[in-house]
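work-v6.csv (CSV, C-alpha atoms) appears below.
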```
chain,number,residue,atom,x,y,z
A,1278,MET,CA,86.6,-3.0,-28.3
A,1279,GLY,CA,90.2,-1.8,-28.9
A,1280,ARG,CA,93.4,-3.8,-29.5
A,1281,HIS,CA,97.1,-3.1,-29.0
A,1282,ARG,CA,100.4,-4.7,-29.5
A,1283,LYS,CA,101.9,-5.2,-26.1
A,1284,PRO,CA,103.3,-8.6,-25.1
A,1285,PRO,CA,101.0,-11.2,-26.6
A,1286,VAL,CA,98.0,-11.9,-24.4
A,1287,PRO,CA,95.2,-14.4,-24.9
A,1288,THR,CA,92.3,-13.2,-26.9
A,1289,ILE,CA,88.8,-14.5,-27.0
A,1290,ARG,CA,88.6,-17.0,-29.9
A,1291,ARG,CA,85.5,-18.1,-31.6
A,1292,GLY,CA,85.1,-20.5,-34.4
A,1293,SER,CA,82.1,-18.8,-35.9
A,1294,VAL,CA,81.2,-15.6,-37.7
A,1295,ILE,CA,81.2,-12.4,-35.6
A,1296,ALA,CA,79.0,-9.4,-36.3
A,1297,LEU,CA,79.2,-6.4,-34.0
A,1298,THR,CA,76.6,-3.6,-34.0
A,1299,GLY,CA,77.8,-0.1,-33.4
A,1300,LEU,CA,76.1,0.1,-30.0
A,1301,VAL,CA,77.1,-3.4,-28.7
A,1302,PRO,CA,79.8,-3.6,-26.1
A,1303,ALA,CA,80.3,-7.3,-26.5
A,1304,GLY,CA,83.3,-8.7,-28.4
A,1305,LEU,CA,81.4,-12.0,-28.9
A,1306,ALA,CA,78.9,-10.9,-31.5
A,1307,THR,CA,77.2,-13.4,-33.7
A,1308,VAL,CA,75.4,-13.8,-37.0
A,1309,THR,CA,72.1,-11.9,-36.9
A,1310,GLY,CA,69.0,-14.0,-37.1
A,1311,ALA,CA,70.7,-17.3,-36.3
A,1312,SER,CA,68.4,-19.5,-34.3
A,1313,ASP,CA,67.8,-23.1,-33.3
A,1314,GLY,CA,65.2,-25.0,-31.2
A,1315,ASN,CA,62.1,-23.9,-29.4
A,1316,LEU,CA,64.0,-21.6,-27.0
A,1317,VAL,CA,64.8,-19.1,-29.8
A,1318,GLY,CA,61.3,-19.2,-31.1
A,1319,SER,CA,59.8,-18.5,-27.7
A,1320,LEU,CA,62.2,-15.6,-27.2
A,1321,THR,CA,61.3,-14.2,-30.5
A,1322,SER,CA,57.6,-14.3,-29.7
A,1323,ALA,CA,58.3,-12.6,-26.4
A,1324,LEU,CA,59.6,-9.5,-28.1
A,1325,GLN,CA,57.0,-6.7,-28.1
A,1326,HIS,CA,58.4,-5.0,-31.2
A,1327,GLU,CA,61.2,-5.5,-33.7
A,1328,PHE,CA,64.6,-4.5,-32.3
A,1329,SER,CA,66.3,-1.8,-34.2
A,1330,PRO,CA,69.3,0.4,-33.3
A,1331,GLU,CA,67.1,3.4,-33.9
A,1332,ALA,CA,64.5,2.3,-31.3
A,1333,ASP,CA,67.2,1.5,-28.8
A,1334,ALA,CA,68.9,4.8,-29.4
A,1335,ALA,CA,65.7,6.5,-28.5
A,1336,LEU,CA,65.8,5.1,-25.0
A,1337,PRO,CA,66.8,7.6,-22.3
A,1338,ARG,CA,70.4,7.0,-21.3
A,1339,PRO,CA,72.0,7.5,-17.9
A,1340,GLU,CA,74.7,10.1,-17.6
A,1341,ALA,CA,78.2,9.3,-16.6
A,1342,ALA,CA,78.8,6.5,-14.1
A,1343,ALA,CA,77.1,6.9,-10.7
A,1344,ALA,CA,79.0,7.3,-7.5
A,1345,PRO,CA,80.6,4.0,-6.6
A,1346,VAL,CA,79.0,1.8,-4.0
A,1347,ALA,CA,81.6,-0.2,-2.1
A,1348,ALA,CA,81.1,-3.9,-2.5
A,1349,PRO,CA,81.9,-6.7,0.0
A,1350,GLU,CA,85.3,-8.2,-0.1
A,1351,PRO,CA,85.3,-11.2,-2.5
A,1352,MET,CA,85.2,-13.7,0.3
A,1353,LEU,CA,82.1,-12.2,1.9
A,1354,ARG,CA,78.5,-12.2,0.7
A,1355,GLU,CA,77.0,-9.6,3.0
A,1356,ALA,CA,76.7,-6.1,1.6
A,1357,LYS,CA,78.3,-3.2,3.5
A,1358,GLN,CA,77.1,0.3,4.0
A,1359,VAL,CA,79.6,2.9,2.8
A,1360,VAL,CA,79.7,6.6,2.0
A,1361,PRO,CA,80.2,7.3,-1.7
A,1362,VAL,CA,83.5,9.0,-2.4
A,1363,GLY,CA,82.7,10.4,-5.9
A,1364,PRO,CA,82.8,9.1,-9.4
A,1365,PRO,CA,85.3,6.4,-10.2
A,1366,VAL,CA,88.4,7.0,-12.3
A,1367,VAL,CA,88.0,5.2,-15.6
A,1368,LYS,CA,91.1,3.4,-16.5
A,1369,THR,CA,92.8,0.0,-16.7
A,1370,VAL,CA,94.9,-0.7,-13.8
A,1371,ALA,CA,98.5,-2.1,-14.2
A,1372,LEU,CA,98.2,-5.5,-12.7
A,1373,PRO,CA,100.9,-6.4,-10.1
A,1374,ASP,CA,103.4,-9.3,-10.6
A,1375,GLY,CA,103.1,-12.5,-8.7
A,1376,ARG,CA,99.3,-12.8,-8.8
A,1377,VAL,CA,97.7,-16.2,-8.4
A,1378,PRO,CA,94.1,-17.4,-9.1
A,1379,ALA,CA,91.7,-16.9,-6.2
A,1380,ALA,CA,91.2,-20.1,-4.2
A,1381,LEU,CA,87.5,-20.0,-3.7
A,1382,PRO,CA,84.9,-22.8,-3.9
A,1383,ALA,CA,83.3,-23.3,-7.3
A,1384,GLY,CA,79.8,-21.9,-7.9
A,1385,PRO,CA,77.0,-23.7,-9.8
A,1386,ILE,CA,78.0,-25.9,-12.7
A,1387,GLY,CA,81.6,-25.3,-12.0
A,1388,MET,CA,81.5,-21.5,-12.3
A,1389,PRO,CA,84.7,-20.0,-10.8
A,1390,GLY,CA,84.0,-18.8,-7.2
A,1391,ILE,CA,85.5,-15.4,-7.8
A,1392,ALA,CA,83.2,-14.8,-10.8
A,1393,GLU,CA,80.2,-15.9,-8.8
A,1394,HIS,CA,81.1,-13.4,-6.1
A,1395,ALA,CA,81.4,-10.6,-8.7
A,1396,TYR,CA,78.0,-11.3,-10.2
A,1397,GLN,CA,76.3,-11.6,-6.9
A,1398,ASN,CA,78.0,-8.4,-5.7
A,1399,ALA,CA,76.7,-6.5,-8.8
A,1400,GLU,CA,73.2,-7.8,-8.1
A,1401,ARG,CA,73.3,-6.5,-4.5
A,1402,ILE,CA,74.5,-3.0,-5.6
A,1403,LEU,CA,72.0,-2.7,-8.4
A,1404,ALA,CA,69.2,-3.8,-6.0
A,1405,VAL,CA,69.9,-0.6,-4.1
A,1406,GLU,CA,70.8,1.7,-7.1
A,1407,ASN,CA,68.1,0.5,-9.5
A,1408,PRO,CA,65.6,-1.8,-7.8
A,1409,ALA,CA,63.1,-1.4,-10.6
A,1410,CYS,CA,65.4,-3.3,-12.9
A,1411,ALA,CA,65.5,-6.4,-10.7
A,1412,MET,CA,68.7,-7.6,-12.2
A,1413,PRO,CA,69.5,-11.2,-11.3
A,1414,TRP,CA,73.1,-12.2,-10.9
A,1415,SER,CA,72.5,-15.3,-13.0
A,1416,LEU,CA,71.8,-13.1,-16.1
A,1417,LEU,CA,75.2,-11.4,-15.6
A,1418,ALA,CA,76.7,-14.8,-15.2
A,1419,GLY,CA,75.1,-15.9,-18.5
A,1420,ILE,CA,76.7,-13.0,-20.3
A,1421,GLY,CA,80.1,-13.6,-18.6
A,1422,ARG,CA,80.0,-17.3,-19.6
A,1423,VAL,CA,79.3,-16.5,-23.3
A,1424,GLU,CA,81.7,-13.6,-23.5
A,1425,SER,CA,84.8,-14.9,-21.9
A,1426,THR,CA,84.0,-18.0,-20.0
A,1427,HIS,CA,84.3,-15.9,-16.8
A,1428,ALA,CA,87.7,-14.6,-17.6
A,1429,PHE,CA,89.2,-17.7,-19.1
A,1430,GLY,CA,87.7,-20.1,-16.5
A,1431,GLY,CA,88.1,-17.9,-13.5
A,1432,LYS,CA,91.8,-17.2,-14.0
A,1433,ALA,CA,91.6,-14.1,-11.8
A,1434,ASP,CA,93.2,-13.1,-8.5
A,1435,ALA,CA,91.3,-12.6,-5.2
A,1436,ASP,CA,90.6,-8.9,-6.2
A,1437,GLY,CA,88.9,-10.0,-9.5
A,1438,ASN,CA,91.8,-9.0,-11.8
A,1439,PRO,CA,92.4,-11.5,-14.6
A,1440,ILE,CA,95.8,-13.2,-14.5
A,1441,ASP,CA,96.0,-12.3,-18.3
A,1442,PRO,CA,94.1,-9.3,-19.6
A,1443,VAL,CA,91.0,-10.2,-21.7
A,1444,TYR,CA,90.7,-8.7,-25.2
A,1445,GLY,CA,88.4,-9.4,-28.2
A,1446,PRO,CA,89.5,-9.4,-31.8
A,1447,VAL,CA,90.8,-6.2,-33.4
A,1448,LEU,CA,87.9,-4.5,-35.2
A,1449,ASP,CA,89.8,-3.6,-38.3
A,1450,GLY,CA,87.6,-5.5,-40.8
A,1451,SER,CA,90.0,-8.4,-41.2
A,1452,LEU,CA,87.6,-10.8,-39.5
A,1453,TRP,CA,84.6,-11.4,-41.8
A,1454,GLY,CA,81.3,-10.2,-40.3
A,1455,ASN,CA,82.8,-7.7,-37.9
A,1456,ASN,CA,82.2,-4.0,-38.1
A,1457,VAL,CA,85.2,-1.7,-38.5
A,1458,VAL,CA,85.5,0.4,-35.4
A,1459,HIS,CA,88.2,3.0,-35.5
A,1460,ASP,CA,90.0,4.1,-32.3
A,1461,THR,CA,87.9,6.0,-29.8
A,1462,ASP,CA,90.2,6.0,-26.7
A,1463,GLY,CA,93.7,6.7,-28.0
A,1464,GLY,CA,94.6,3.2,-26.9
A,1465,GLU,CA,94.1,4.0,-23.2
A,1466,LEU,CA,91.8,1.1,-22.4
A,1467,ASP,CA,92.4,-1.4,-25.2
A,1468,GLY,CA,96.0,-0.6,-26.0
A,1469,LEU,CA,95.5,0.1,-29.7
A,1470,ALA,CA,95.7,3.5,-31.3
A,1471,SER,CA,94.3,2.6,-34.7
A,1472,TYR,CA,91.2,0.4,-34.1
A,1473,ASP,CA,89.1,-0.6,-31.1
A,1474,ARG,CA,88.6,-4.0,-29.6
A,1475,ALA,CA,86.4,-5.3,-26.8
A,1476,ILE,CA,88.0,-5.3,-23.4
A,1477,GLY,CA,87.6,-7.2,-20.2
A,1478,PRO,CA,85.7,-10.3,-19.1
A,1479,MET,CA,82.3,-8.7,-20.1
A,1480,GLN,CA,83.7,-7.4,-23.4
A,1481,PHE,CA,82.9,-3.7,-23.7
A,1482,LEU,CA,83.9,-1.4,-26.5
A,1483,PRO,CA,85.9,1.5,-25.0
A,1484,GLN,CA,83.3,4.1,-25.8
A,1485,THR,CA,80.5,2.1,-24.2
A,1486,TRP,CA,82.7,1.4,-21.1
A,1487,ARG,CA,83.3,5.2,-20.6
A,1488,LYS,CA,79.6,5.9,-20.6
A,1489,TYR,CA,78.5,3.2,-18.1
A,1490,ALA,CA,81.7,2.5,-16.2
A,1491,ALA,CA,81.2,1.6,-12.5
A,1492,ASP,CA,83.3,0.8,-9.5
A,1493,GLY,CA,82.1,-2.6,-8.3
A,1494,ASN,CA,84.7,-3.2,-5.6
A,1495,GLY,CA,84.9,0.2,-4.0
A,1496,ASP,CA,88.5,1.0,-4.8
A,1497,GLY,CA,87.6,4.3,-6.6
A,1498,ILE,CA,88.6,2.9,-10.0
A,1499,ALA,CA,86.4,1.6,-12.8
A,1500,ASP,CA,88.6,-1.0,-14.6
A,1501,PRO,CA,87.1,-3.0,-17.5
A,1502,GLN,CA,89.4,-5.9,-16.8
A,1503,ASN,CA,88.2,-6.3,-13.2
A,1504,LEU,CA,85.5,-8.8,-12.7
A,1505,PHE,CA,83.7,-6.8,-10.0
A,1506,ASP,CA,83.8,-3.5,-12.0
A,1507,ALA,CA,82.8,-5.3,-15.3
A,1508,ALA,CA,79.9,-7.1,-13.8
A,1509,LEU,CA,78.4,-4.0,-12.3
A,1510,THR,CA,78.9,-2.0,-15.5
A,1511,ALA,CA,77.2,-4.7,-17.5
A,1512,GLY,CA,74.3,-4.6,-15.1
A,1513,LYS,CA,74.0,-0.8,-15.5
A,1514,TYR,CA,74.2,-1.1,-19.3
A,1515,LEU,CA,71.4,-3.8,-19.4
A,1516,CYS,CA,69.2,-1.9,-17.0
A,1517,SER,CA,69.5,1.5,-18.8
A,1518,GLY,CA,66.3,2.9,-20.4
A,1519,ASN,CA,64.2,1.8,-17.3
A,1520,LEU,CA,64.1,-1.9,-18.5
A,1521,ASP,CA,62.8,-4.5,-16.1
A,1522,MET,CA,64.5,-7.9,-16.2
A,1523,ARG,CA,61.4,-9.7,-14.8
A,1524,ASP,CA,59.7,-9.1,-18.2
A,1525,PRO,CA,61.0,-11.6,-20.8
A,1526,ALA,CA,60.5,-9.2,-23.6
A,1527,GLN,CA,62.5,-6.4,-21.9
A,1528,GLN,CA,65.2,-8.8,-20.8
A,1529,THR,CA,65.5,-10.0,-24.4
A,1530,ARG,CA,65.8,-6.4,-25.6
A,1531,ALA,CA,68.5,-5.7,-23.1
A,1532,ILE,CA,70.6,-8.7,-24.2
A,1533,LEU,CA,70.2,-7.7,-27.8
A,1534,ARG,CA,72.1,-4.6,-26.9
A,1535,TYR,CA,75.1,-6.7,-26.3
A,1536,ASN,CA,74.7,-8.6,-29.5
A,1537,ASN,CA,71.9,-8.2,-32.0
A,1538,SER,CA,71.4,-11.9,-32.5
A,1539,MET,CA,68.6,-14.2,-31.2
A,1540,ALA,CA,71.1,-17.1,-31.1
A,1541,TYR,CA,73.2,-15.0,-28.7
A,1542,VAL,CA,70.1,-14.3,-26.6
A,1543,ALA,CA,69.2,-18.0,-26.5
A,1544,ASN,CA,72.7,-18.9,-25.3
A,1545,VAL,CA,72.8,-16.2,-22.6
A,1546,MET,CA,69.3,-17.2,-21.3
A,1547,ALA,CA,70.2,-20.9,-21.4
A,1548,TRP,CA,73.2,-20.2,-19.1
A,1549,GLU,CA,71.2,-17.9,-16.9
A,1550,THR,CA,68.7,-20.7,-16.3
A,1551,ALA,CA,71.5,-23.1,-15.8
A,1552,TYR,CA,73.2,-21.0,-13.1
A,1553,SER,CA,70.0,-20.2,-11.3
A,1554,SER,CA,68.9,-23.9,-11.3
A,1555,GLY,CA,72.2,-25.7,-11.1
A,1556,ILE,CA,71.3,-27.8,-14.1
A,1557,ALA,CA,73.6,-27.7,-17.1
A,1558,PRO,CA,72.0,-26.6,-20.4
A,1559,GLY,CA,71.4,-29.2,-23.1
A,1560,ALA,CA,73.0,-28.9,-26.5
A,1561,SER,CA,69.7,-28.0,-28.1
A,1562,ALA,CA,69.4,-24.9,-25.9
A,1563,LEU,CA,72.8,-23.6,-27.2
A,1564,PRO,CA,72.5,-22.7,-30.9
A,1565,ARG,CA,75.7,-22.0,-32.7
A,1566,ILE,CA,76.9,-18.4,-32.3
```
Please rewrite the model in this file as structure tokens.
Amino acid sequence: MGRHRKPPVPTIRRGSVIALTGLVPAGLATVTGASDGNLVGSLTSALQHEFSPEADAALPRPEAAAAPVAAPEPMLREAKQVVPVGPPVVKTVALPDGRVPAALPAGPIGMPGIAEHAYQNAERILAVENPACAMPWSLLAGIGRVESTHAFGGKADADGNPIDPVYGPVLDGSLWGNNVVHDTDGGELDGLASYDRAIGPMQFLPQTWRKYAADGNGDGIADPQNLFDAALTAGKYLCSGNLDMRDPAQQTRAILRYNNSMAYVANVMAWETAYSSGIAPGASALPRI
């Protein structure tokens, strides 16, 4: 979602065509309609009606980010009860020097431990804030895997801050298949004052982040670069419009908000199944994005 010229930082690189929709927060968009294998066909048949930006826009949208619910410290799995302290401040935090990757046991299929904690933390919070959505942590993990490989393979400190900030390509039209998205945040979140780019490990456009931003680690700040904040915000975004993730058609519709491509949906769902089962997805389940 936005891009700036500060000291060079790693960007999400893809070898395939990228096509963002105006609503989509993901920086990892794909060619619409691409599909492969039975998985994509079954997902397509699960849809109750054809996706369209107009239909999605008609869904009721939540207001600004809800009051933060403090999450457990990354090393803990038990939820804590806290008193909300008001809406989070939406900004990107200046990361301190001397950070080192969190030393946590790996999750399923080699998922970085810090990322697993962030996704499971978001599931716990959403189970309280929006139980009707039934958001599984494995779905958030599937999106995190496709969007940024869990912040460059879990290169994040114990607080969930990436060692190097995560940015998608600049949406200036130079990359074939991408929409042109002019600046919407004055460079505050993405560091660019001319065009936007996707930000953080879950790849949100700045304008979408501002609408759904959530504080996943209870520090009073909603930072798109932070794994805990980004995972919870992604869950809120997918659940919006009263969608139920237990219904395959509604889950598919939610993922299409991120990227209007059935190939993208197939990849996310394949990784979701893999993380929940502990069995790596086969090549046929991962069509080219």
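We find CA of Ala1399 (chain A) and CA of Pro1439 (chain A) to be spaced 17.5 Å apart.
When only C-alpha atoms are used to measure the gap to Pro1389 (chain A), the shortest distance among A:Met1479, A:Leu1403, A:Leu1504, A:Leu1452 belongs to A:Leu1504.
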Quick one: residues within 7 Å of region 1505-1508 of chain A, all atoms listed in the file, excluding same-chain residues fewer than 2 positions away - as a ChimeraX atom specification? /A:1395-1396,1399,1417,1437,1478-1479,1491-1494,1499-1503,1510-1512
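When only C-alpha atoms are used to measure the gap to Val1457 (chain A), the shortest distance among A:Val1443, A:Arg1474, A:Gln1527, A:Ala1435 belongs to A:Arg1474.
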If we count only C-alpha atoms, what is near Cys1516 (chain A) at a cut-off of 9 Å, once residues fewer than 5 positions away on the same chain are taken out, given as number ranges by chain? A: 1407, 1409-1412, 1511, 1521-1522, 1528, 1531
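In this structure, CA of Ser1471 (chain A) sits 23.2 Å away from CA of Asn1536 (chain A).
For the pair CA of Lys1513 (chain A) and CA of Gly1390 (chain A), the separation is 22.2 Å.
Counting all atoms listed in the file and comparing A:Gly1559, A:His1427, A:Ala1526, A:Gly1450, the residue that lies closest to Gly1387 (chain A) is A:His1427.
Closest approach to Gly1430 (chain A) from the set A:Gly1384, A:Pro1408, A:Pro1446, A:Tyr1541 is made by A:Gly1384, with distances taken over all atoms listed in the file.
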Nearest to Ala1418 (chain A), restricted to only C-alpha atoms and choosing among A:Glu1393, A:Glu1400, A:Asp1436, A:Asp1496, comes out as A:Glu1393
